[in-house]
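Structure record follows, encoded as structure tokens.
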Amino acid sequence: MSTPPLLARCTGVALTAAVAAATVTLGAASAGADPLTDGQWWSTAMGVDELHRSGAGQGITVALIDGPIDSSVPELKGRVASSQTECVTADGSPQKSTVAGLTADHATMMASLLVGSGKGTASGGRGVAGIAPQVTLRHYAVAFGTNDEPEKLRCQLKGGVSDAVDDATARAIRQAVRDGARIISISLTTDYTDEYIPALLDAYRAGAIVVASTNNDRRNVFWPAIGNGVVTVTHVDAKGNLDDSAVRGSSLVDFAAPGTKIAAGRWTPSGWRSDVVADGSSQATAITAGGLAAVWSAHPSATGNQVLQAAKDAIGLRAENGTFLTWFRRVGADLPEATGKTESYGFGIFSPADAIKLDVEKLSTVNPMVTERGTEDPSAADIAAATAASASSAPTPSASSSASTPATGAATKPPTKASGTSDNAALPWLGAGVLGLLVVGGVLLVVRRRSTAHRPAEREHDPTAAADGAAATTKENSHA
């Protein structure tokens with residue numbers, strides 16, 4: 001009798017006013033089902049094999065900012081170039097950024113989706129295969145729990161408070177830039193800290209792309225995803241529908257990506273299991289970050305902003321009965337360019353296997369995720385000033401950068417987003433043509449908000465999209 005697959009709700013570290021119990025459940029495997037194969041549906045849907053024929057992340061450094069990691073699982077052996085943390089224990093001694101067990105669950109899952117070797121603990125020695133297996137992966141741990149209380153995640157910094165996950169995340173962004181990261185993947189959300197602004201400006205100045213998850217909450221988007229210029233990712237299922245826990249009606253969303261019933265591995269009492277099926281924006285974020293790295297590796301002379309322009313211009317789309325629906329690939333003839341944003345899918349479903357085909361080096365060098373609305377942080381003017389003197393797309397690591405080099409930085413800002421009621425159906429393209437919930441392995445925890453000042457407005461968005469030169473209304477389908 002086969003071991004049943006494990007289903008987990010997985011959002012990373014999500015700060016919101018809600019608190020819930022663990023939502024991990026065991027699901028019985030249907031006859032003949034292979035949870036690992038079924039849980040990698042996204043790889044087929046997105047054409048990852050085709051993507052890899054052009055780029056698999058070679059030459060690109062990706063930073064994963066998350067909890068501690070277990071780099072000894074089969075998927076990750078030899079694939080984590082470095083791991084570090086600034087967090088310390090209660091007595092001031094350094095935390096271990098690489099550990100085994102449940103406390104390393106979330107980061108290990110995200111790393112597997114990024115660089116997984118395909119080797120694991122499932123039948124036949126199979127495991128999770130990552131979307132960008134050839135990237136240089138650097139890991140930064142910013143949220144710690146214990147095996148006894150994995151839900152009680154925190155980061156204590158030297159001389160600081162014990163719930164400084166936000167400060168640690170901002171510092172990790174800055175350190176990742178110094179270490180040469182071109183893409184920074186953050187599958188967690190936190191409260192605001194004043195250090196986020198200089199950290200994001202450091203990343204943009206260096207030409208790096210910052211990708212962050214929405215909260216698994218139909219109402220809220222938090223930091224760092226709320227930051228101006230950050231690539232904010234939500235999650236969809238195998239039919240292209242928004243997941244039940246995906247944000248609705250938010251102009252903060254930039255892309256949707258697979259995040260429902262995704263095999264990413266999980267630590268269990270019996271050890272690491274590669275055949276876990278989990279839901280969440282965390283998975284969608286890692287897949288998006290890795291997909292961007294794959295595109296960039298095929299166009300190494302492009303800037304990060306040109307890579308984002310390619311992703312925006314080649315969102316998944318398919319023709320159906322005279323209507324264009326969002327999809328995981330561009331399927332059909334005479335598909336329009338959908339460049340406007342919807343309120344729940346952003347530009348649409350990310351399709352790296354199509355974006356990689358574009359003449360990326362000839363696209364605009366402007367970050368399409370930056371809005372010029374004056375209330376955004378960092379402001380468009382600040383971003384322009386920070387990047388004006390930088391002509392290079394890649395950050396230049398310092399000679400002393402290493403896995404043991406400490407980051408710099410260190411605060412709290414409540415999130416704001418549109419609170420609409422968009423639907424959970426595939427998106428048609430009509431017309432021409434804190435308090436926080438810390439979640440690791442599905443466990444949620446409150447984190448104290450340390451400030452309530454400086455509330456940002458939602459990002460500006462346009463309800464229409466360009467399609468073959470004509471305006472096309474973009475709204476999600478009704479869904480009972």
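Ordering of the structure tokens sets the chain letters (A, B, ...), residue numbers begin anew at 1 in every chain, and ligands are numbered from 1 in the order given.
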Identify, with DSSP run on backbone atoms, the residues in segment 90-308 of chain A assigned to alpha helix (DSSP H), and express the list as a PyMOL selection string.
chain A and resi 105-115+165-178+196-205+281-298+304-308
Against segment 101-119 of chain A, which residues of segment 215-327 of chain A fall within 8 Å? For each one I want the closest pair of atoms and the distance in Å (one decimal), counting only C-alpha atoms, rows by chain and increasing residue number, as JSON lines.
```
{"residue": "A:Ala264", "atom": "CA", "partner": "A:Met109", "partner_atom": "CA", "distance": 5.0}
{"residue": "A:Gly265", "atom": "CA", "partner": "A:Met109", "partner_atom": "CA", "distance": 5.6}
{"residue": "A:Arg266", "atom": "CA", "partner": "A:Asp105", "partner_atom": "CA", "distance": 5.8}
{"residue": "A:Trp267", "atom": "CA", "partner": "A:Leu102", "partner_atom": "CA", "distance": 5.4}
{"residue": "A:Thr268", "atom": "CA", "partner": "A:Leu102", "partner_atom": "CA", "distance": 7.0}
{"residue": "A:Gly271", "atom": "CA", "partner": "A:Gly101", "partner_atom": "CA", "distance": 7.4}
{"residue": "A:Trp272", "atom": "CA", "partner": "A:Gly101", "partner_atom": "CA", "distance": 8.0}
{"residue": "A:Ser282", "atom": "CA", "partner": "A:Met110", "partner_atom": "CA", "distance": 7.4}
{"residue": "A:Gln283", "atom": "CA", "partner": "A:Met110", "partner_atom": "CA", "distance": 6.5}
{"residue": "A:Ala286", "atom": "CA", "partner": "A:Met110", "partner_atom": "CA", "distance": 5.9}
{"residue": "A:Ile287", "atom": "CA", "partner": "A:Leu113", "partner_atom": "CA", "distance": 6.4}
{"residue": "A:Ala289", "atom": "CA", "partner": "A:Leu114", "partner_atom": "CA", "distance": 7.8}
{"residue": "A:Gly290", "atom": "CA", "partner": "A:Leu114", "partner_atom": "CA", "distance": 5.4}
```
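The coordinates place atom CA of Ala81 of chain A at 25.9 Å from atom CA of Leu36 of chain A.
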Segment 203-219 of chain A: which residues within 7 Å, counting only C-alpha atoms, same-chain residues fewer than 3 positions away excluded, as JSON, numbers by chain?
{"A": [11, 14, 177, 181, 182, 183, 184, 185, 186, 187, 188, 189, 199, 200, 222, 224, 225, 230, 231, 232, 233, 234, 245, 246, 247, 248, 280, 281, 282, 285, 289, 303, 304, 386, 387, 390, 392, 393, 394, 395, 419]}
If DSSP is run on the backbone, what residues of segment 87-134 of chain A are strand (DSSP E or B)? A reply as a list in words would be ideal.
Val88, Pro94, Thr98, Ser117, Gly118, Lys119, Gly120, Thr121, Ala122, Arg126, Gly127, Val128 and Ala129 of chain A
Counting only C-alpha atoms, the residue among A:Arg79, A:Lys96, A:Lys312, A:Arg318 that lies closest to Ala256 of chain A is A:Lys312
List every residue of segment 92-184 of chain A that has an atom at most 6 Å from any atom of segment 65-71 of chain A, giving for each one its closest atom pair and the distance in Å to one decimal, counting only C-alpha atoms, sorted by chain and then by ascending residue number, as a Markdown table.
```
| residue | atom | partner | partner_atom | distance |
| --- | --- | --- | --- | --- |
| A:Ser97 | CA | A:Pro68 | CA | 4.6 |
| A:Thr98 | CA | A:Ile69 | CA | 4.8 |
| A:Val99 | CA | A:Asp70 | CA | 5.2 |
| A:Ala100 | CA | A:Asp70 | CA | 5.2 |
| A:Ala104 | CA | A:Ile69 | CA | 4.5 |
| A:Ala107 | CA | A:Ile69 | CA | 5.2 |
| A:Thr108 | CA | A:Ile69 | CA | 5.1 |
| A:Tyr140 | CA | A:Ile65 | CA | 4.8 |
| A:Ala141 | CA | A:Gly67 | CA | 4.6 |
| A:Val142 | CA | A:Gly67 | CA | 5.5 |
| A:Ala143 | CA | A:Gly67 | CA | 4.7 |
| A:Phe144 | CA | A:Gly67 | CA | 6.0 |
```
Selection to disk with C-alpha atoms, as a PDB file, in the first residue's frame:
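Writing the result to out23.pdb gives the following:
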```pdb
ATOM      1  CA  SER A  97      21.215  28.744   9.029  1.00  0.00           C
ATOM      2  CA  THR A  98      21.526  25.122   7.889  1.00  0.00           C
ATOM      3  CA  VAL A  99      19.710  22.508   9.984  1.00  0.00           C
ATOM      4  CA  ALA A 100      17.673  19.344   9.529  1.00  0.00           C
ATOM      5  CA  ALA A 104      14.111  23.961   7.810  1.00  0.00           C
ATOM      6  CA  ALA A 107      13.237  27.198   2.840  1.00  0.00           C
ATOM      7  CA  THR A 108      14.117  23.671   1.751  1.00  0.00           C
ATOM      8  CA  TYR A 140      19.807  33.867   3.868  1.00  0.00           C
ATOM      9  CA  ALA A 141      17.887  32.741   6.959  1.00  0.00           C
ATOM     10  CA  VAL A 142      15.738  35.415   8.623  1.00  0.00           C
ATOM     11  CA  ALA A 143      13.053  33.498  10.599  1.00  0.00           C
ATOM     12  CA  PHE A 144      13.707  30.768  13.169  1.00  0.00           C
TER      13      PHE A 144
END
```
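Across the structure, atom CA of Gly125 of chain A and atom CA of Ala56 of chain A are spaced 22.4 Å apart.
In terms of minimum interatomic distance to Thr169 of chain A, A:Cys87 ranks closest within A:Leu335, A:Ala238, A:Ile262, A:Cys87, counting only C-alpha atoms.
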From A:Asp167, A:Asn305, A:Ala132, A:Val88, residue lying nearest Gly145 of chain A [only C-alpha atoms]
A:Val88
Surrounding residues of segment 353-366 of chain A excluding itself and chain neighbours under 4 positions, 6 Å, only C-alpha atoms, as a ChimeraX atom specification
/A:51,295,302,305-306,310-311,314
Near Glu50 of chain A, counting only C-alpha atoms, which residues have an atom at most 10 Å away, once you skip same-chain residues fewer than 4 positions from it, shown as JSON, numbers by chain?
{"A": [43, 44, 46, 54, 55, 352, 353, 354]}
Next, the residues of the selection above should be written as an mmCIF file, in the first residue's frame with N, CA and C atoms.
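See again_19.cif below for the written result:
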```
data_model
loop_
_atom_site.group_PDB
_atom_site.id
_atom_site.type_symbol
_atom_site.label_atom_id
_atom_site.label_comp_id
_atom_site.auth_asym_id
_atom_site.auth_seq_id
_atom_site.Cartn_x
_atom_site.Cartn_y
_atom_site.Cartn_z
ATOM 1 N N SER A 43 5.373 22.069 -14.264
ATOM 2 C CA SER A 43 6.534 21.988 -15.147
ATOM 3 C C SER A 43 6.101 21.692 -16.582
ATOM 4 N N THR A 44 5.148 20.792 -16.740
ATOM 5 C CA THR A 44 4.623 20.500 -18.068
ATOM 6 C C THR A 44 3.815 21.667 -18.603
ATOM 7 N N MET A 46 4.020 24.803 -17.983
ATOM 8 C CA MET A 46 4.835 25.960 -18.325
ATOM 9 C C MET A 46 5.910 25.658 -19.365
ATOM 10 N N SER A 54 16.909 26.604 -23.788
ATOM 11 C CA SER A 54 17.489 27.936 -24.009
ATOM 12 C C SER A 54 18.197 28.468 -22.778
ATOM 13 N N GLY A 55 17.657 28.198 -21.600
ATOM 14 C CA GLY A 55 18.267 28.715 -20.382
ATOM 15 C C GLY A 55 17.774 27.980 -19.154
ATOM 16 N N PRO A 352 7.659 31.878 -18.714
ATOM 17 C CA PRO A 352 9.062 32.079 -19.074
ATOM 18 C C PRO A 352 9.462 31.409 -20.380
ATOM 19 N N ALA A 353 8.832 30.289 -20.725
ATOM 20 C CA ALA A 353 9.191 29.607 -21.970
ATOM 21 C C ALA A 353 8.807 30.423 -23.192
ATOM 22 N N ASP A 354 7.889 31.362 -23.058
ATOM 23 C CA ASP A 354 7.548 32.276 -24.148
ATOM 24 C C ASP A 354 8.349 33.566 -24.051
#
```
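When only C-alpha atoms are used to compute distances to Asp91 of chain A, the closest of the residues A:Ser123, A:Ser251, A:Gln40, A:Ser162 turns out to be A:Ser162.
Coordinates place atom CA of Ala63 of chain A at a distance of 19.5 Å from atom CA of Phe255 of chain A.
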